[in-house]
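Structure data follow from structure33.cif (mmCIF, C-alpha atoms):
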data_protein
#
loop_
_atom_site.label_atom_id
_atom_site.label_comp_id
_atom_site.auth_asym_id
_atom_site.auth_seq_id
_atom_site.Cartn_x
_atom_site.Cartn_y
_atom_site.Cartn_z
CA MET A 1 15.57 12.38 -1.66
CA LYS A 2 11.98 13.01 -0.55
CA HIS A 3 10.70 11.13 -3.61
CA THR A 4 13.08 8.23 -2.91
CA PHE A 5 11.85 7.99 0.67
CA ALA A 6 8.23 8.13 -0.52
CA GLN A 7 8.99 5.29 -2.95
CA PHE A 8 10.64 3.31 -0.18
CA SER A 9 7.53 3.72 2.00
CA ARG A 10 5.21 2.62 -0.83
CA LEU A 11 7.33 -0.44 -1.58
CA PHE A 12 7.68 -1.33 2.09
CA TYR A 13 3.90 -1.13 2.49
CA LYS A 14 3.42 -3.18 -0.69
CA ASP A 15 5.73 -5.96 0.48
CA LEU A 16 4.16 -6.13 3.94
CA SER A 17 0.65 -6.00 2.52
CA LEU A 18 1.32 -8.83 0.06
CA GLN A 19 2.97 -10.91 2.78
CA TRP A 20 -0.06 -10.37 4.98
CA ARG A 21 -2.40 -11.46 2.21
CA SER A 22 -0.46 -14.68 1.84
CA ARG A 23 -0.39 -15.29 5.58
CA GLY A 24 -1.57 -18.86 4.96
CA ALA A 25 1.99 -19.70 3.93
CA MET A 26 3.38 -18.13 7.09
CA ALA A 27 0.87 -20.12 9.13
CA VAL A 28 2.29 -23.28 7.54
CA ALA A 29 5.80 -22.17 8.47
CA LEU A 30 4.70 -21.50 12.03
CA LEU A 31 2.97 -24.86 12.17
CA PHE A 32 6.22 -26.51 11.10
CA SER A 33 8.07 -24.52 13.74
CA LEU A 34 5.56 -25.53 16.38
CA THR A 35 5.95 -29.19 15.38
CA ALA A 36 9.75 -28.98 15.54
CA VAL A 37 9.73 -27.29 18.95
CA MET A 38 7.10 -29.70 20.32
CA LEU A 39 8.88 -32.76 18.99
CA PHE A 40 12.23 -31.80 20.53
CA ALA A 41 10.53 -30.82 23.79
CA LEU A 42 8.70 -34.16 23.96
CA VAL A 43 11.72 -36.27 23.06
CA TYR A 44 14.12 -34.48 25.40
CA GLY A 45 11.61 -33.55 28.14
CA PRO A 46 10.21 -33.35 30.64
CA PHE A 47 13.65 -33.31 32.34
CA PHE A 48 15.88 -31.75 29.71
CA SER A 49 19.19 -32.43 31.42
CA PRO A 50 20.33 -34.86 34.13
CA PRO A 51 18.77 -33.79 37.44
CA GLU A 52 22.06 -34.46 39.25
CA LEU A 53 23.68 -31.51 37.44
CA PRO A 54 23.78 -28.18 39.25
CA MET A 55 21.01 -25.73 38.24
CA GLU A 56 23.33 -23.49 36.20
CA ALA A 57 24.70 -26.40 34.18
CA ARG A 58 21.17 -27.68 33.56
CA ARG A 59 20.05 -24.28 32.34
CA ARG A 60 23.05 -24.09 30.04
CA GLU A 61 22.33 -27.49 28.46
CA LEU A 62 18.68 -26.64 28.01
CA ALA A 63 19.52 -23.24 26.53
CA LYS A 64 21.79 -24.86 23.92
CA LEU A 65 19.03 -27.23 22.87
CA ALA A 66 16.39 -24.48 22.81
CA SER A 67 18.63 -22.20 20.76
CA SER A 68 19.39 -24.86 18.12
CA VAL A 69 15.75 -25.88 17.76
CA TYR A 70 14.66 -22.25 17.63
CA TRP A 71 17.06 -21.29 14.84
CA THR A 72 16.36 -24.44 12.80
CA ALA A 73 12.67 -23.55 12.82
CA ALA A 74 13.44 -19.87 12.16
CA ALA A 75 15.55 -20.79 9.11
CA PHE A 76 12.65 -22.72 7.59
CA ALA A 77 10.17 -19.96 8.33
CA GLY A 78 12.59 -17.53 6.69
CA VAL A 79 12.70 -19.52 3.45
CA VAL A 80 8.89 -19.61 3.34
CA ALA A 81 8.63 -15.84 3.93
CA VAL A 82 11.22 -15.11 1.24
CA TYR A 83 9.55 -17.44 -1.25
CA ARG A 84 6.13 -15.83 -0.71
CA SER A 85 7.60 -12.38 -1.12
CA ALA A 86 9.38 -13.27 -4.38
CA GLU A 87 6.35 -15.17 -5.68
CA ALA A 88 4.05 -12.16 -5.18
CA ASP A 89 6.35 -10.13 -7.46
CA ARG A 90 6.80 -12.87 -10.02
CA GLU A 91 3.22 -14.09 -10.32
CA ALA A 92 1.96 -11.45 -12.77
CA GLY A 93 5.25 -9.63 -13.37
CA GLY A 94 4.50 -6.80 -10.93
CA ILE A 95 8.21 -6.27 -10.20
CA LYS A 96 8.80 -5.22 -13.82
CA ALA A 97 6.24 -2.44 -13.50
CA VAL A 98 7.82 -1.37 -10.22
CA ARG A 99 11.25 -1.21 -11.89
CA MET A 100 9.94 1.27 -14.44
CA ASP A 101 9.74 3.87 -11.64
CA ALA A 102 11.93 2.77 -8.76
CA ASP A 103 15.66 2.12 -8.60
CA GLY A 104 16.76 -1.41 -7.73
CA SER A 105 18.45 -0.26 -4.52
CA VAL A 106 15.20 1.28 -3.23
CA ILE A 107 13.24 -1.86 -4.13
CA TYR A 108 15.87 -3.96 -2.36
CA ALA A 109 16.01 -1.81 0.79
CA ALA A 110 12.22 -1.90 1.13
CA ARG A 111 12.17 -5.66 0.59
CA VAL A 112 14.86 -6.27 3.23
CA CYS A 113 12.99 -4.10 5.75
CA ALA A 114 9.64 -5.78 5.07
CA LEU A 115 11.18 -9.25 5.29
CA SER A 116 12.95 -8.29 8.51
CA VAL A 117 9.66 -7.17 10.06
CA MET A 118 7.97 -10.40 9.02
CA LEU A 119 10.86 -12.49 10.32
CA CYS A 120 10.93 -10.59 13.62
CA LEU A 121 7.22 -11.29 14.12
CA THR A 122 7.73 -14.96 13.28
CA GLN A 123 10.66 -15.15 15.66
CA LEU A 124 8.62 -13.54 18.41
CA ALA A 125 5.94 -16.22 18.08
CA LEU A 126 8.61 -18.88 17.88
CA GLY A 127 10.39 -17.49 20.97
CA LEU A 128 7.20 -17.71 23.02
CA LEU A 129 6.66 -21.30 21.87
CA THR A 130 10.24 -22.24 22.70
CA ALA A 131 10.08 -20.67 26.16
CA ALA A 132 6.78 -22.41 26.86
CA PHE A 133 7.72 -25.89 25.62
CA PHE A 134 11.23 -25.90 27.09
CA ASP A 135 9.95 -24.57 30.37
CA ILE A 136 12.26 -21.56 30.36
CA ALA A 137 10.91 -19.29 33.06
CA TRP A 138 14.02 -17.54 34.35
CA LEU A 139 14.55 -14.95 31.63
CA THR A 140 14.79 -11.36 32.83
CA LEU A 141 13.64 -8.31 30.86
CA GLY A 142 17.28 -7.71 29.98
CA ASP A 143 17.58 -11.23 28.53
CA VAL A 144 14.44 -10.73 26.48
CA LEU A 145 15.81 -7.45 25.10
CA ARG A 146 19.12 -9.15 24.25
CA LEU A 147 17.24 -11.96 22.48
CA ILE A 148 15.27 -9.37 20.53
CA GLY A 149 18.54 -7.70 19.53
CA VAL A 150 20.02 -10.99 18.28
CA GLY A 151 16.75 -11.83 16.52
CA ALA A 152 16.59 -8.42 14.83
CA ALA A 153 20.20 -8.64 13.58
CA ALA A 154 19.56 -12.15 12.30
CA ALA A 155 16.30 -11.03 10.66
CA VAL A 156 18.14 -8.28 8.75
CA GLY A 157 20.80 -10.77 7.65
CA LEU A 158 18.21 -13.33 6.56
CA GLY A 159 16.20 -10.60 4.84
CA ALA A 160 19.28 -9.33 3.01
CA VAL A 161 20.17 -12.78 1.64
CA GLY A 162 16.53 -13.67 1.08
CA ALA A 163 15.66 -10.57 -0.94
CA LEU A 164 18.58 -11.21 -3.29
CA MET A 165 18.05 -14.97 -3.60
CA GLY A 166 14.29 -14.50 -3.95
CA ALA A 167 14.82 -12.17 -6.91
CA MET A 168 17.20 -14.67 -8.53
CA ALA A 169 14.79 -17.54 -7.94
CA ALA A 170 11.85 -15.57 -9.33
CA SER A 171 13.70 -14.89 -12.58
CA MET A 172 14.24 -18.55 -13.47
CA ARG A 173 12.18 -21.67 -13.94
CA GLY A 174 12.18 -24.02 -10.97
CA GLY A 175 13.42 -21.16 -8.85
CA GLU A 176 11.92 -22.51 -5.62
CA GLY A 177 14.50 -25.31 -5.61
CA LEU A 178 17.28 -22.79 -6.08
CA LEU A 179 15.89 -20.70 -3.25
CA SER A 180 16.09 -23.50 -0.69
CA ALA A 181 19.34 -24.96 -2.05
CA GLY A 182 21.01 -21.56 -2.30
CA MET A 183 19.63 -19.82 0.74
CA LEU A 184 20.17 -22.42 3.42
CA PRO A 185 23.97 -22.84 2.88
CA LEU A 186 24.35 -19.06 2.54
CA GLN A 187 22.51 -18.58 5.83
CA LEU A 188 24.70 -21.06 7.67
CA PRO A 189 27.28 -18.57 9.09
CA LEU A 190 24.43 -16.33 10.22
CA LEU A 191 22.48 -19.16 11.83
CA MET A 192 25.62 -20.40 13.59
CA ALA A 193 26.35 -16.93 14.94
CA ALA A 194 22.74 -16.34 15.97
CA SER A 195 22.43 -19.66 17.82
CA LYS A 196 25.84 -19.19 19.48
CA CYS A 197 24.78 -15.71 20.62
CA ALA A 198 21.31 -16.78 21.72
CA ALA A 199 22.27 -19.93 23.66
CA PRO A 200 23.91 -18.15 26.65
CA ILE A 201 21.10 -15.57 26.64
CA TRP A 202 18.51 -18.36 26.95
CA ALA A 203 20.53 -19.46 30.01
CA SER A 204 20.46 -15.87 31.29
CA GLU A 205 24.23 -15.55 30.99
CA PRO A 206 26.50 -13.10 29.17
CA ILE A 207 27.73 -14.05 25.69
CA PRO A 208 31.28 -15.36 26.31
CA GLU A 209 32.59 -15.33 22.73
CA LYS A 210 32.17 -11.85 21.25
CA MET A 211 33.29 -13.06 17.80
CA TRP A 212 29.79 -14.47 17.25
CA ILE A 213 28.26 -11.04 17.84
CA ALA A 214 30.77 -9.56 15.40
CA LEU A 215 29.95 -12.27 12.83
CA LEU A 216 26.20 -11.71 13.24
CA ALA A 217 26.46 -7.95 12.81
CA SER A 218 29.01 -8.02 10.00
CA TYR A 219 27.06 -10.69 8.09
CA ALA A 220 23.94 -8.50 8.16
CA LEU A 221 25.91 -5.43 7.06
CA ILE A 222 27.97 -7.14 4.35
CA MET A 223 25.01 -9.01 2.87
CA SER A 224 22.91 -5.84 2.84
CA ALA A 225 25.70 -3.97 1.03
CA VAL A 226 26.20 -6.82 -1.47
CA GLY A 227 22.45 -6.96 -2.08
CA LEU A 228 22.21 -3.22 -2.67
CA LEU A 229 24.96 -3.46 -5.29
CA LEU A 230 23.75 -6.60 -7.05
CA PHE A 231 19.96 -6.41 -6.89
CA GLU A 232 19.50 -4.37 -10.08
CA LEU A 233 21.88 -6.69 -11.96
CA VAL A 234 19.97 -9.75 -10.75
CA LEU A 235 16.67 -8.27 -11.89
CA GLU A 236 18.07 -7.17 -15.24
CA ASP A 237 18.39 -10.68 -16.68
CA MET B 238 18.47 12.51 -32.01
CA ASN B 239 14.96 13.38 -30.77
CA GLY B 240 13.02 10.19 -30.18
CA LEU B 241 14.18 6.60 -30.02
CA SER B 242 17.46 5.40 -31.42
CA ALA B 243 18.29 1.72 -30.99
CA GLU B 244 21.43 0.55 -32.79
CA ARG B 245 22.71 -2.96 -33.51
CA LEU B 246 20.99 -4.59 -30.52
CA GLU B 247 22.13 -8.07 -29.67
CA LYS B 248 20.69 -10.44 -27.10
CA ARG B 249 21.45 -14.05 -26.33
CA ARG B 250 19.36 -16.30 -24.15
CA GLY B 251 20.70 -19.66 -23.00
CA GLY B 252 23.66 -19.15 -25.35
CA LEU B 253 21.40 -18.79 -28.40
CA PRO B 254 21.16 -15.47 -30.23
CA VAL B 255 17.65 -13.97 -30.13
CA LEU B 256 18.48 -10.54 -31.50
CA ARG B 257 21.29 -10.05 -34.03
CA GLY B 258 21.93 -6.40 -34.67
CA ALA B 259 18.34 -5.11 -34.54
CA THR B 260 18.22 -1.39 -35.33
CA LEU B 261 15.24 0.95 -34.95
CA GLN B 262 14.68 4.70 -35.16
CA LEU B 263 11.47 6.39 -34.14
CA GLU B 264 10.65 10.09 -33.84
CA ARG B 265 8.46 11.55 -31.11
CA GLY B 266 4.78 11.15 -31.92
CA ALA B 267 5.52 8.47 -34.55
CA SER B 268 4.23 4.92 -34.47
CA LEU B 269 5.60 1.59 -35.57
CA SER B 270 4.16 -1.87 -35.49
CA LEU B 271 6.53 -4.74 -34.96
CA ILE B 272 5.60 -7.86 -36.86
CA GLY B 273 7.26 -11.22 -36.65
CA ALA B 274 6.65 -14.92 -36.24
CA ASN B 275 6.59 -16.56 -32.82
CA GLY B 276 10.11 -16.61 -31.42
CA SER B 277 11.35 -13.91 -33.77
CA GLY B 278 12.41 -11.76 -30.81
CA LYS B 279 9.60 -9.16 -30.59
CA THR B 280 9.13 -9.54 -26.84
CA THR B 281 12.89 -9.59 -26.22
CA LEU B 282 13.30 -6.43 -28.28
CA LEU B 283 10.52 -4.66 -26.36
CA GLU B 284 12.07 -5.70 -23.02
CA LEU B 285 15.38 -4.23 -24.12
CA LEU B 286 13.68 -1.05 -25.30
CA ALA B 287 11.84 -0.83 -21.98
CA GLY B 288 15.22 -0.90 -20.22
CA LEU B 289 14.27 -3.98 -18.22
CA SER B 290 16.76 -6.32 -19.84
CA ARG B 291 20.45 -5.79 -20.61
CA PRO B 292 21.52 -6.13 -24.25
CA ASN B 293 24.67 -8.11 -25.02
CA GLY B 294 25.57 -5.48 -27.58
CA GLY B 295 24.33 -2.25 -29.10
CA SER B 296 22.90 0.95 -27.69
CA ILE B 297 19.50 2.50 -26.89
CA PHE B 298 18.79 6.21 -26.52
CA TRP B 299 15.57 8.14 -25.94
CA ASN B 300 15.94 11.87 -26.61
CA GLY B 301 19.66 11.49 -26.00
CA VAL B 302 19.23 9.62 -22.69
CA ASP B 303 21.36 6.47 -22.67
CA ALA B 304 19.36 3.48 -21.39
CA ARG B 305 22.55 1.85 -20.05
CA LYS B 306 24.16 4.84 -18.39
CA ARG B 307 21.04 6.48 -16.96
CA PRO B 308 18.55 3.62 -16.68
CA MET B 309 16.10 5.29 -14.31
CA ASN B 310 15.92 8.52 -16.33
CA TYR B 311 15.35 6.38 -19.42
CA ARG B 312 12.73 4.08 -17.89
CA ARG B 313 10.72 6.95 -16.51
CA CYS B 314 10.07 8.06 -20.11
CA VAL B 315 8.73 4.64 -21.10
CA GLY B 316 5.34 2.97 -20.67
CA TYR B 317 5.55 -0.78 -21.13
CA ALA B 318 2.76 -3.35 -21.43
CA ALA B 319 4.08 -6.89 -21.59
CA HIS B 320 2.52 -10.30 -22.26
CA GLU B 321 2.00 -10.65 -18.51
CA PRO B 322 -0.13 -7.90 -16.95
CA LEU B 323 2.58 -6.52 -14.62
CA ILE B 324 0.18 -6.00 -11.73
CA TYR B 325 -0.41 -7.49 -8.28
CA PRO B 326 -3.35 -9.92 -8.57
CA GLU B 327 -3.99 -9.92 -4.82
CA TRP B 328 -4.83 -6.21 -4.98
CA SER B 329 -7.95 -4.69 -6.47
CA GLY B 330 -7.80 -2.71 -9.71
CA ARG B 331 -7.95 0.56 -7.79
CA GLN B 332 -5.23 -0.49 -5.33
CA ASN B 333 -2.96 -1.50 -8.21
CA LEU B 334 -3.38 1.78 -10.04
CA LEU B 335 -3.07 3.89 -6.89
CA PHE B 336 0.11 2.08 -5.90
CA PHE B 337 1.74 2.62 -9.28
CA ALA B 338 0.53 6.23 -9.50
CA ARG B 339 2.02 7.04 -6.10
CA LEU B 340 5.21 5.17 -6.84
CA ARG B 341 5.67 7.35 -9.90
CA GLY B 342 4.79 10.48 -7.94
CA ILE B 343 1.84 11.49 -10.10
CA ASP B 344 -0.07 14.59 -8.95
CA ASN B 345 -3.64 13.98 -7.77
CA PRO B 346 -3.25 10.21 -7.95
CA ARG B 347 -6.83 9.48 -6.87
CA LEU B 348 -8.30 11.67 -9.57
CA GLN B 349 -6.03 10.23 -12.26
CA VAL B 350 -6.76 6.68 -11.15
CA GLU B 351 -10.53 7.22 -11.23
CA GLN B 352 -10.22 8.66 -14.75
CA GLU B 353 -8.26 5.65 -15.94
CA LEU B 354 -10.65 3.21 -14.26
CA ASN B 355 -13.57 4.89 -16.02
CA GLU B 356 -11.77 4.96 -19.33
CA ALA B 357 -10.92 1.26 -19.02
CA GLY B 358 -14.52 0.45 -18.06
CA LEU B 359 -13.30 -1.00 -14.79
CA ALA B 360 -14.94 1.44 -12.36
CA PRO B 361 -17.70 -1.02 -11.33
CA PHE B 362 -15.04 -3.63 -10.52
CA ALA B 363 -12.52 -1.27 -8.96
CA GLU B 364 -12.65 -2.93 -5.54
CA THR B 365 -12.50 -6.51 -6.83
CA PRO B 366 -9.12 -8.24 -6.46
CA ALA B 367 -7.51 -8.41 -9.89
CA ARG B 368 -7.09 -12.18 -9.67
CA PHE B 369 -10.86 -12.45 -10.16
CA TYR B 370 -10.78 -10.38 -13.37
CA SER B 371 -11.37 -12.02 -16.74
CA ARG B 372 -8.52 -12.01 -19.25
CA GLY B 373 -9.92 -8.97 -21.03
CA MET B 374 -10.40 -7.04 -17.78
CA THR B 375 -6.86 -7.89 -16.68
CA GLN B 376 -5.57 -6.63 -20.03
CA ARG B 377 -7.55 -3.39 -19.62
CA LEU B 378 -6.11 -2.93 -16.14
CA ALA B 379 -2.60 -3.56 -17.46
CA LEU B 380 -3.12 -0.91 -20.13
CA ALA B 381 -4.65 1.54 -17.64
CA ARG B 382 -1.45 1.22 -15.61
CA VAL B 383 0.58 2.12 -18.69
CA PHE B 384 -1.58 5.09 -19.72
CA LEU B 385 -1.59 6.44 -16.17
CA ARG B 386 2.12 7.18 -16.60
CA ARG B 387 1.67 9.68 -19.48
CA SER B 388 4.83 8.24 -21.01
CA GLU B 389 6.75 9.69 -23.94
CA LEU B 390 7.43 6.26 -25.43
CA LEU B 391 4.79 3.52 -25.38
CA LEU B 392 5.90 -0.08 -25.86
CA LEU B 393 2.93 -2.40 -26.11
CA ASP B 394 3.29 -6.14 -26.55
CA GLU B 395 0.12 -7.59 -28.10
CA PRO B 396 -2.10 -5.04 -26.33
CA PHE B 397 -5.26 -6.13 -28.19
CA ALA B 398 -5.00 -9.75 -27.06
CA GLY B 399 -8.04 -10.82 -25.07
CA LEU B 400 -10.02 -7.63 -25.73
CA ASP B 401 -13.58 -7.64 -27.06
CA GLU B 402 -14.63 -5.53 -30.05
CA GLU B 403 -15.69 -2.53 -27.97
CA SER B 404 -12.47 -2.56 -25.94
CA ARG B 405 -10.40 -2.85 -29.12
CA ARG B 406 -12.15 0.19 -30.58
CA ARG B 407 -11.56 2.13 -27.35
CA LEU B 408 -7.91 1.15 -27.29
CA LEU B 409 -7.39 2.23 -30.90
CA ASP B 410 -8.98 5.56 -30.04
CA ARG B 411 -6.76 5.91 -26.97
CA LEU B 412 -3.63 5.14 -28.98
CA HIS B 413 -4.51 7.89 -31.45
CA ARG B 414 -4.97 10.33 -28.57
CA GLU B 415 -1.66 9.30 -27.01
CA ARG B 416 0.09 9.97 -30.29
CA GLU B 417 -1.63 13.34 -30.64
CA ARG B 418 -0.24 14.13 -27.20
CA GLY B 419 3.23 13.48 -28.63
CA ALA B 420 3.91 9.96 -27.42
CA ALA B 421 5.79 7.60 -29.72
CA LEU B 422 4.36 4.11 -30.06
CA ILE B 423 5.84 0.70 -30.78
CA LEU B 424 3.30 -2.08 -30.91
CA ALA B 425 4.11 -5.76 -31.28
CA THR B 426 1.30 -7.65 -32.97
CA HIS B 427 0.43 -10.61 -35.16
CA ASP B 428 -2.65 -8.85 -36.48
CA ALA B 429 -2.03 -7.08 -39.80
CA GLU B 430 -5.36 -5.24 -39.58
CA ILE B 431 -4.54 -3.84 -36.12
CA SER B 432 -1.09 -2.93 -37.34
CA ARG B 433 -2.60 -0.89 -40.20
CA GLN B 434 -5.16 0.82 -37.97
CA ALA B 435 -2.84 1.70 -35.10
CA CYS B 436 0.50 2.52 -36.70
CA GLU B 437 1.98 4.51 -39.57
CA ARG B 438 4.92 2.24 -40.20
CA GLU B 439 5.63 -1.44 -39.98
CA ALA B 440 8.86 -3.25 -39.18
CA ARG B 441 9.41 -6.96 -39.46
CA LEU B 442 11.70 -8.98 -37.25
CA LEU B 443 13.36 -11.85 -39.04
CA GLU B 444 16.06 -13.98 -37.46
CA GLY B 445 16.66 -11.40 -34.78
CA ALA B 446 17.08 -8.39 -37.05
CA VAL B 447 14.71 -5.71 -38.32
CA VAL B 448 14.71 -6.50 -42.02
CA LEU B 449 11.76 -4.68 -43.49
CA SER B 450 10.26 -1.34 -42.78
CA GLY B 451 7.47 0.25 -44.73
CA GLY B 452 4.47 2.56 -44.57
CA ASN B 453 1.04 1.37 -43.48
CA GLU B 454 -0.88 3.97 -45.46
#
In structure tokens, how does this file's structure come out?
Amino acid sequence: MKHTFAQFSRLFYKDLSLQWRSRGAMAVALLFSLTAVMLFALVYGPFFSPPELPMEARRRELAKLASSVYWTAAAFAGVVAVYRSAEADREAGGIKAVRMDADGSVIYAARVCALSVMLCLTQLALGLLTAAFFDIAWLTLGDVLRLIGVGAAAAVGLGAVGALMGAMAASMRGGEGLLSAGMLPLQLPLLMAASKCAAPIWASEPIPEKMWIALLASYALIMSAVGLLLFELVLED
Amino acid sequence: MNGLSAERLEKRRGGLPVLRGATLQLERGASLSLIGANGSGKTTLLELLAGLSRPNGGSIFWNGVDARKRPMNYRRCVGYAAHEPLIYPEWSGRQNLLFFARLRGIDNPRLQVEQELNEAGLAPFAETPARFYSRGMTQRLALARVFLRRSELLLLDEPFAGLDEESRRRLLDRLHRERERGAALILATHDAEISRQACEREARLLEGAVVLSGGNE
């Protein structure tokens, strides 16, 4: 058990370190996100909803828009992070050497955790941009914590799908195409749940439909479990 | 059986058979060179023997450990050098070796890594990212990673490719020492001279099966 945990730590560090070294790719993803947020803010702003609406209704409309733009940009950034992570393993076959000593489930768990950390950091930057460009100044500390919770659950779900799809893409020619084509539809339920959960929080309101929270949490759990079971098979060719 | 026992291995890729009933036996401390034309299935066979790829048929055992049923126990006995270097090019030579040494749980990883870097002649370049290494240096790093493991079974796919004369001589010497230590060796090569110098026996892969096996004396 101690050895397994030590292996997990090494692999987690390896994944984060290699992601950091390829931070140029993440910068591109953030640039895209910035462009998307700016574009929507410019087109819909500076008054994001009819001024004749009551303040609460205006907040709600704005929160819906902010949430959709935020998660569209987050989905793209997620694909870039996953691709970079899979590419680092594929480039000179490093993953094969790792497999000689570490079980697939440990490799997968470390990859999901590293991707989740990267995605959380990306989402944090993206959240600040969204709040700034959509002029959202009414969030309380509680709202921010709830947004972090939704973001973290979504990051685990995206990481769980991404680690599996990244390994599949890395094992075949033209895998990048498969990654985008396979990952985005698979992410759809998660992105729907995350944006449905986040929209009322952006408006500083409680989440009315709890099924979206259940979907978000169960997606992350189920995908992580599926990934743990299938990762070794995917790598085995 | 003590040593390697691979029976009737079959592997298909893209629906086409690459290996058709390849069978190999190798005792501990013995050595075998694997000869065959391009596309004969040498690399595929080594990947199966390394436990990294799943055969469509047949069985592989090392000292009684079933590669299918206990893959991690099996793989931990094996040192595998492939065509690709199996390293992380963004990391330096030292970082690569330290990472793999720690992942395996080797005692005194720093000491072991420094020894391997010296042996590979890479100590002066230990802090340079591996992506800046020449082909020969990358190959030496790849082999250092394998030797660091002190494996019982060494599977080396064209290990002399890209090496200069001095490095080839050093590698031959190292292979002899590894065998004296008790490691078994399977070496895939096109070079008949290397095959004679490094291994006792020779096996030829033809149409996906091991069809000839003879002494190299």
Any idea which chain A residues end up within 7 Å of chain B if we count all atoms listed in the file, as a CSV table (one decimal) with C-alpha atoms, keeping the file's coordinate frame please?
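File written: iface02.csv
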chain,number,residue,atom,x,y,z
A,7,GLN,CA,9.0,5.3,-3.0
A,10,ARG,CA,5.2,2.6,-0.8
A,92,ALA,CA,2.0,-11.4,-12.8
A,93,GLY,CA,5.2,-9.6,-13.4
A,94,GLY,CA,4.5,-6.8,-10.9
A,96,LYS,CA,8.8,-5.2,-13.8
A,97,ALA,CA,6.2,-2.4,-13.5
A,100,MET,CA,9.9,1.3,-14.4
A,101,ASP,CA,9.7,3.9,-11.6
A,103,ASP,CA,15.7,2.1,-8.6
A,236,GLU,CA,18.1,-7.2,-15.2
A,237,ASP,CA,18.4,-10.7,-16.7
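Considering the residues A:Val234, A:Val98, A:Val106, A:Ala153 and counting only C-alpha atoms, Leu191 in chain A has its shortest atom-to-atom contact with A:Ala153.
Listed by chain and then by number, the residues chosen by the PyMOL selection byres ((chain B and resi 256) around 8) in this file are Leu246, Glu247, Lys248, Arg249, Pro254, Val255, Arg257, Gly258, Ala259, Gly278, Thr281, Leu282, Glu444, Gly445 and Ala446 of chain B.
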So that I can check the surroundings of Phe134 in chain A, please list as a compact mmCIF listing (two decimals) with C-alpha atoms, in the frame of the given file every protein, DNA and RNA residue that reaches within 7 Å of it, counting all atoms listed in the file and ignoring chain neighbours fewer than 4 positions away.
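To be explicit, this is the file written out as around06.txt:
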# COMPACT_ATOMS: atom_id res chain seq x y z
CA ALA A 41 10.53 -30.82 23.79
CA ALA A 66 16.39 -24.48 22.81
CA THR A 130 10.24 -22.24 22.70
If you take every atom of range 425-436 of chain B that the file lists and fit an axis-aligned box around them with 3 Å extra on each side, what centre and edge lengths come out in Å to one decimal, as JSON?
{"center_x": -0.6, "center_y": -4.0, "center_z": -35.7, "size_x": 15.5, "size_y": 19.1, "size_z": 14.9}
Proximity to Thr426 in chain B - best of B:Arg414, B:Arg331, B:Arg387, B:Arg441, all atoms listed in the file: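 Closest residue, counting all atoms listed in the file: B:Arg441.
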Nearest to Arg372 in chain B, chosen from B:Leu392, B:Leu241, B:Ala398, B:Leu334, with only C-alpha atoms counted in the distances: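 Of all the options, B:Ala398 lies closest to Arg372 in chain B.
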Who sits within 12 Å of Glu56 in chain A, only C-alpha atoms, same chain under 2 positions skipped, as an MDAnalysis selection string: chainID A and resid 49:54 58:63 138 200 202:205
Explicit residue set for the PyMOL selection byres ((chain A and resi 35) around 12), as a list in words: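 Taken on the displayed file, the PyMOL selection byres ((chain A and resi 35) around 12) yields the residues Val28, Ala29, Leu30, Leu31, Phe32, Ser33, Leu34, Ala36, Val37, Met38, Leu39, Phe40, Ala41, Leu42, Val43, Val69, Tyr70, Thr72, Ala73, Leu126, Leu129, Thr130 and Phe133 of chain A.
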Selected residues written out with C-alpha atoms, as a PDB file, in the coordinates of the input:
ATOM      1  CA  VAL A  28       2.290 -23.280   7.540  1.00  0.00           C
ATOM      2  CA  ALA A  29       5.800 -22.170   8.470  1.00  0.00           C
ATOM      3  CA  LEU A  30       4.700 -21.500  12.030  1.00  0.00           C
ATOM      4  CA  LEU A  31       2.970 -24.860  12.170  1.00  0.00           C
ATOM      5  CA  PHE A  32       6.220 -26.510  11.100  1.00  0.00           C
ATOM      6  CA  SER A  33       8.070 -24.520  13.740  1.00  0.00           C
ATOM      7  CA  LEU A  34       5.560 -25.530  16.380  1.00  0.00           C
ATOM      8  CA  ALA A  36       9.750 -28.980  15.540  1.00  0.00           C
ATOM      9  CA  VAL A  37       9.730 -27.290  18.950  1.00  0.00           C
ATOM     10  CA  MET A  38       7.100 -29.700  20.320  1.00  0.00           C
ATOM     11  CA  LEU A  39       8.880 -32.760  18.990  1.00  0.00           C
ATOM     12  CA  PHE A  40      12.230 -31.800  20.530  1.00  0.00           C
ATOM     13  CA  ALA A  41      10.530 -30.820  23.790  1.00  0.00           C
ATOM     14  CA  LEU A  42       8.700 -34.160  23.960  1.00  0.00           C
ATOM     15  CA  VAL A  43      11.720 -36.270  23.060  1.00  0.00           C
ATOM     16  CA  VAL A  69      15.750 -25.880  17.760  1.00  0.00           C
ATOM     17  CA  TYR A  70      14.660 -22.250  17.630  1.00  0.00           C
ATOM     18  CA  THR A  72      16.360 -24.440  12.800  1.00  0.00           C
ATOM     19  CA  ALA A  73      12.670 -23.550  12.820  1.00  0.00           C
ATOM     20  CA  LEU A 126       8.610 -18.880  17.880  1.00  0.00           C
ATOM     21  CA  LEU A 129       6.660 -21.300  21.870  1.00  0.00           C
ATOM     22  CA  THR A 130      10.240 -22.240  22.700  1.00  0.00           C
ATOM     23  CA  PHE A 133       7.720 -25.890  25.620  1.00  0.00           C
TER      24      PHE A 133
END
Pairwise distance for CA of Tyr83 in chain A and CA of Leu230 in chain A, rounded to one decimal in Å: 18.8 Å
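Taking CA of Leu412 in chain B and CA of Gln332 in chain B as endpoints, the distance between them is 24.4 Å.
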Picked residues, the PyMOL selection byres ((chain B and resi 432) around 12), expected as a PyMOL selection string: chain B and resi 268-273+393+395-397+409+412+422-431+433-441+451-454
